[in-house]
>>> print(open('protein32.tsv').read())   # TSV, C-alpha atoms
chain	number	residue	atom	x	y	z
A	5	MET	CA	85.37	53.42	80.75
A	6	LYS	CA	88.08	53.96	83.36
A	7	LYS	CA	88.80	57.44	81.92
A	8	VAL	CA	85.13	58.39	82.25
A	9	TRP	CA	85.16	57.50	85.95
A	10	ILE	CA	88.32	59.52	86.49
A	11	VAL	CA	86.73	62.54	84.83
A	12	ILE	CA	83.54	62.12	86.91
A	13	ALA	CA	85.56	61.75	90.12
A	14	ALA	CA	87.64	64.83	89.30
A	15	ALA	CA	84.49	66.86	88.56
A	16	ALA	CA	82.94	65.73	91.85
A	17	LEU	CA	86.06	66.69	93.81
A	18	PHE	CA	86.16	70.06	92.09
A	19	THR	CA	82.49	70.67	92.93
A	20	VAL	CA	83.02	69.76	96.59
A	21	ALA	CA	86.10	71.99	96.81
A	22	CYS	CA	84.21	74.93	95.33
A	23	LYS	CA	81.33	74.44	97.75
A	24	ARG	CA	83.76	74.34	100.68
A	25	GLU	CA	85.40	77.57	99.49
A	26	ALA	CA	82.01	79.31	99.18
A	27	ALA	CA	80.99	78.08	102.63
A	28	ARG	CA	84.07	79.55	104.30
A	29	PRO	CA	83.26	82.43	106.61
A	30	ALA	CA	84.38	85.87	105.52
A	31	LEU	CA	87.88	86.79	106.68
A	32	ARG	CA	86.60	89.71	108.70
A	33	SER	CA	84.46	87.46	110.89
A	34	THR	CA	87.53	85.44	111.96
A	35	GLN	CA	89.28	88.43	113.47
A	36	SER	CA	88.89	89.17	117.14
A	37	THR	CA	88.74	92.94	116.88
A	38	PRO	CA	89.26	94.84	113.65
A	39	VAL	CA	91.09	98.14	113.73
A	40	SER	CA	88.73	100.82	114.96
A	41	ALA	CA	87.91	103.94	112.99
A	42	SER	CA	89.29	106.11	115.78
A	43	SER	CA	92.71	104.40	115.78
A	44	SER	CA	92.99	104.73	112.01
A	45	GLY	CA	92.12	108.43	111.93
A	46	PHE	CA	89.14	107.79	109.65
A	47	SER	CA	85.44	107.81	110.50
A	48	ALA	CA	83.27	104.72	110.18
A	49	GLY	CA	81.50	106.41	107.25
A	50	GLN	CA	84.78	107.03	105.44
A	51	ILE	CA	85.85	103.43	105.97
A	52	ALA	CA	82.46	102.22	104.69
A	53	LEU	CA	82.88	104.37	101.57
A	54	GLY	CA	86.37	102.88	101.17
A	55	GLU	CA	84.85	99.40	101.27
A	56	ARG	CA	82.30	100.27	98.57
A	57	LEU	CA	85.04	101.74	96.36
A	58	PHE	CA	87.29	98.73	96.99
A	59	GLN	CA	84.49	96.31	96.06
A	60	ALA	CA	83.80	98.22	92.84
A	61	ASP	CA	87.39	98.78	91.72
A	62	CYS	CA	89.87	96.58	93.59
A	63	ALA	CA	88.06	93.36	94.52
A	64	PRO	CA	88.24	91.86	91.01
A	65	CYS	CA	92.01	91.42	91.53
A	66	HIS	CA	92.55	91.62	95.30
A	67	GLY	CA	89.43	89.66	96.33
A	68	ALA	CA	86.27	90.74	98.15
A	69	GLN	CA	87.98	90.56	101.54
A	70	ALA	CA	91.30	91.91	100.23
A	71	GLN	CA	92.72	88.40	100.54
A	72	GLY	CA	94.70	88.67	97.31
A	73	HIS	CA	95.46	85.88	94.89
A	74	ALA	CA	96.49	82.53	96.34
A	75	GLY	CA	99.72	82.56	94.30
A	76	TRP	CA	100.72	86.13	95.11
A	77	ARG	CA	104.23	85.13	96.18
A	78	VAL	CA	104.84	83.27	92.90
A	79	PRO	CA	104.00	85.66	90.06
A	80	ARG	CA	104.08	84.66	86.43
A	81	SER	CA	102.59	81.21	86.97
A	82	GLY	CA	101.26	81.25	83.44
A	83	LEU	CA	97.74	82.18	84.44
A	84	PHE	CA	98.52	85.82	85.13
A	85	THR	CA	101.33	88.32	84.75
A	86	ALA	CA	101.57	89.02	88.46
A	87	ALA	CA	99.35	87.97	91.33
A	88	ALA	CA	97.54	90.59	93.40
A	89	PRO	CA	98.90	90.49	96.96
A	90	PRO	CA	96.66	90.33	100.01
A	91	LEU	CA	95.93	93.68	101.63
A	92	ASN	CA	94.08	92.27	104.64
A	93	GLY	CA	97.05	91.92	106.99
A	94	THR	CA	97.95	88.34	106.05
A	95	GLY	CA	100.71	89.28	103.60
A	96	ASP	CA	103.45	91.85	103.79
A	97	ALA	CA	101.41	95.00	103.11
A	98	TRP	CA	102.25	96.17	106.63
A	99	LYS	CA	105.75	96.95	105.33
A	100	ARG	CA	104.41	99.91	103.35
A	101	SER	CA	103.43	103.35	104.51
A	102	ARG	CA	99.96	104.73	103.86
A	103	GLN	CA	101.54	107.12	101.35
A	104	GLN	CA	103.14	104.20	99.49
A	105	PHE	CA	99.70	102.59	99.20
A	106	VAL	CA	98.21	105.84	97.89
A	107	ASP	CA	101.05	106.31	95.40
A	108	THR	CA	100.74	102.73	94.12
A	109	ILE	CA	96.98	103.01	93.67
A	110	GLU	CA	97.31	106.40	91.95
A	111	HIS	CA	100.14	105.42	89.59
A	112	GLY	CA	99.75	101.66	89.31
A	113	ALA	CA	102.57	99.13	89.32
A	114	ARG	CA	104.87	97.72	86.66
A	115	LEU	CA	107.35	94.91	86.56
A	116	PRO	CA	110.99	95.81	85.86
A	117	ASP	CA	110.41	94.99	82.18
A	118	GLY	CA	107.61	97.60	82.03
A	119	THR	CA	104.70	95.17	82.07
A	120	VAL	CA	101.71	96.76	83.81
A	121	VAL	CA	100.58	94.56	86.70
A	122	MET	CA	98.22	97.08	88.28
A	123	PRO	CA	96.54	99.94	86.45
A	124	ALA	CA	96.80	103.54	87.61
A	125	TRP	CA	93.60	104.79	89.27
A	126	LYS	CA	94.44	108.52	89.49
A	127	ASP	CA	92.08	109.38	86.63
A	128	ARG	CA	89.14	107.48	88.16
A	129	LEU	CA	89.56	107.92	91.91
A	130	SER	CA	90.38	111.04	93.89
A	131	ARG	CA	93.23	111.00	96.39
A	132	THR	CA	90.62	111.21	99.16
A	133	GLN	CA	88.76	108.16	97.80
A	134	ILE	CA	92.06	106.27	97.60
A	135	ARG	CA	92.80	107.12	101.25
A	136	TYR	CA	89.38	105.72	102.22
A	137	ILE	CA	90.15	102.50	100.34
A	138	VAL	CA	93.44	102.16	102.23
A	139	ALA	CA	91.65	102.87	105.52
A	140	TRP	CA	89.14	100.12	104.73
A	141	PHE	CA	91.63	97.38	103.96
A	142	GLN	CA	93.72	98.40	106.95
A	143	SER	CA	90.57	98.00	109.06
A	144	LEU	CA	90.75	94.30	108.14
A	145	TRP	CA	94.21	93.94	109.61
A	146	PRO	CA	94.43	92.00	112.85
A	147	PRO	CA	94.98	94.45	115.74
A	148	GLN	CA	98.56	93.29	116.39
A	149	VAL	CA	99.52	93.76	112.73
A	150	TYR	CA	98.04	97.27	112.73
A	151	ARG	CA	99.78	98.17	116.03
A	152	ASN	CA	103.13	96.96	114.67
A	153	TRP	CA	102.56	98.92	111.44
A	154	ALA	CA	101.64	102.09	113.39
A	155	ARG	CA	104.74	101.71	115.60
A	156	ILE	CA	107.00	101.32	112.56
A	157	GLN	CA	105.39	104.31	110.85
A	158	ALA	CA	105.82	106.46	113.96
A	159	SER	CA	109.53	105.60	114.10
A	160	GLN	CA	110.15	106.64	110.47
A	161	PRO	CA	111.70	110.06	109.91
A	162	PRO	CA	109.23	112.57	108.43
A	163	LYS	CA	109.32	112.94	104.64
A	164	SER	CA	110.39	116.34	103.42
>>> encode(input="protein32.tsv", output="structure tokens")
Amino acid sequence: MKKVWIVIAAAALFTVACKREAARPALRSTQSTPVSASSSGFSAGQIALGERLFQADCAPCHGAQAQGHAGWRVPRSGLFTAAAPPLNGTGDAWKRSRQQFVDTIEHGARLPDGTVVMPAWKDRLSRTQIRYIVAWFQSLWPPQVYRNWARIQASQPPKS
């Protein structure tokens, strides 16, 4: 009988936790001012298209608000090969250039042992569509993160 109560209590806690997660406001609404279209170099329409493409193709792994997987810093937990990192400015995506994002989306990502952890999208998305996706998730970045990223990018020597 004691085991039954433990199972019931665990199920109730799980249900409450799931309801709390669903009731959480969207990440975007917690930001003071998202990156504007003009500062990113993309129009609002292009960013909106990037969001639609992201929701269709990227959200299953990276989350609807690009929040990534909770265990993204600890891959190979047994549940997945590698965890999708957040792209919303809460992780370390700001360390990458826009071109690095485009290249990763086009060609995918593999672990050192060759295991595919992200598929290549070059056969399903155009380079322009990929740039719109990047513009959208960068629009989620808190303004200070985006400003720091832009400053770092501006200080990098041009690629030849």
>>> closest_atom_pairs(input="protein32.tsv", of="range 99-122 of chain A", to="range 130-145 of chain A", cutoff="12 Å", atoms="all atoms listed in the file", output="CSV")
residue,atom,partner,partner_atom,distance
A:Arg100,CA,A:Val138,CA,11.3
A:Ser101,CA,A:Val138,CA,10.3
A:Arg102,CA,A:Val138,CA,7.2
A:Gln103,CA,A:Arg135,CA,8.7
A:Gln104,CA,A:Val138,CA,10.3
A:Phe105,CA,A:Val138,CA,7.0
A:Val106,CA,A:Ile134,CA,6.2
A:Asp107,CA,A:Arg131,CA,9.2
A:Thr108,CA,A:Ile134,CA,10.0
A:Ile109,CA,A:Ile134,CA,7.1
A:Glu110,CA,A:Arg131,CA,7.6
A:His111,CA,A:Arg131,CA,11.2
>>> closest_residue(input="protein32.tsv", among="A:Gly49, A:Gly93, A:Pro123, A:Pro116", to="Arg151 in chain A", atoms="all atoms listed in the file")
A:Gly93
>>> atom_distance(input="protein32.tsv", atom1="CA of Gly72 in chain A", atom2="CA of Glu55 in chain A")
15.1 Å
>>> residues_around(input="protein32.tsv", residues="His66 in chain A", least_positions_apart="2", cutoff="12 Å", atoms="only C-alpha atoms", output="PDB file with C-alpha atoms, in the coordinates of the input")
ATOM      1  CA  PHE A  58      87.290  98.730  96.990  1.00  0.00           C
ATOM      2  CA  GLN A  59      84.490  96.310  96.060  1.00  0.00           C
ATOM      3  CA  ALA A  60      83.800  98.220  92.840  1.00  0.00           C
ATOM      4  CA  ASP A  61      87.390  98.780  91.720  1.00  0.00           C
ATOM      5  CA  CYS A  62      89.870  96.580  93.590  1.00  0.00           C
ATOM      6  CA  ALA A  63      88.060  93.360  94.520  1.00  0.00           C
ATOM      7  CA  PRO A  64      88.240  91.860  91.010  1.00  0.00           C
ATOM      8  CA  ALA A  68      86.270  90.740  98.150  1.00  0.00           C
ATOM      9  CA  GLN A  69      87.980  90.560 101.540  1.00  0.00           C
ATOM     10  CA  ALA A  70      91.300  91.910 100.230  1.00  0.00           C
ATOM     11  CA  GLN A  71      92.720  88.400 100.540  1.00  0.00           C
ATOM     12  CA  GLY A  72      94.700  88.670  97.310  1.00  0.00           C
ATOM     13  CA  HIS A  73      95.460  85.880  94.890  1.00  0.00           C
ATOM     14  CA  ALA A  74      96.490  82.530  96.340  1.00  0.00           C
ATOM     15  CA  GLY A  75      99.720  82.560  94.300  1.00  0.00           C
ATOM     16  CA  TRP A  76     100.720  86.130  95.110  1.00  0.00           C
ATOM     17  CA  ALA A  86     101.570  89.020  88.460  1.00  0.00           C
ATOM     18  CA  ALA A  87      99.350  87.970  91.330  1.00  0.00           C
ATOM     19  CA  ALA A  88      97.540  90.590  93.400  1.00  0.00           C
ATOM     20  CA  PRO A  89      98.900  90.490  96.960  1.00  0.00           C
ATOM     21  CA  PRO A  90      96.660  90.330 100.010  1.00  0.00           C
ATOM     22  CA  LEU A  91      95.930  93.680 101.630  1.00  0.00           C
ATOM     23  CA  ASN A  92      94.080  92.270 104.640  1.00  0.00           C
ATOM     24  CA  GLY A  95     100.710  89.280 103.600  1.00  0.00           C
ATOM     25  CA  MET A 122      98.220  97.080  88.280  1.00  0.00           C
ATOM     26  CA  PHE A 141      91.630  97.380 103.960  1.00  0.00           C
TER      27      PHE A 141
END
>>> residues_near_point(input="protein32.tsv", point="(101.8, 98.3, 109.9)", cutoff="8 Å", atoms="only C-alpha atoms", output="MDAnalysis selection string")
chainID A and resid 97:101 149:157
>>> atom_distance(input="protein32.tsv", atom1="CA of Phe46 in chain A", atom2="CA of Trp125 in chain A")
21.1 Å
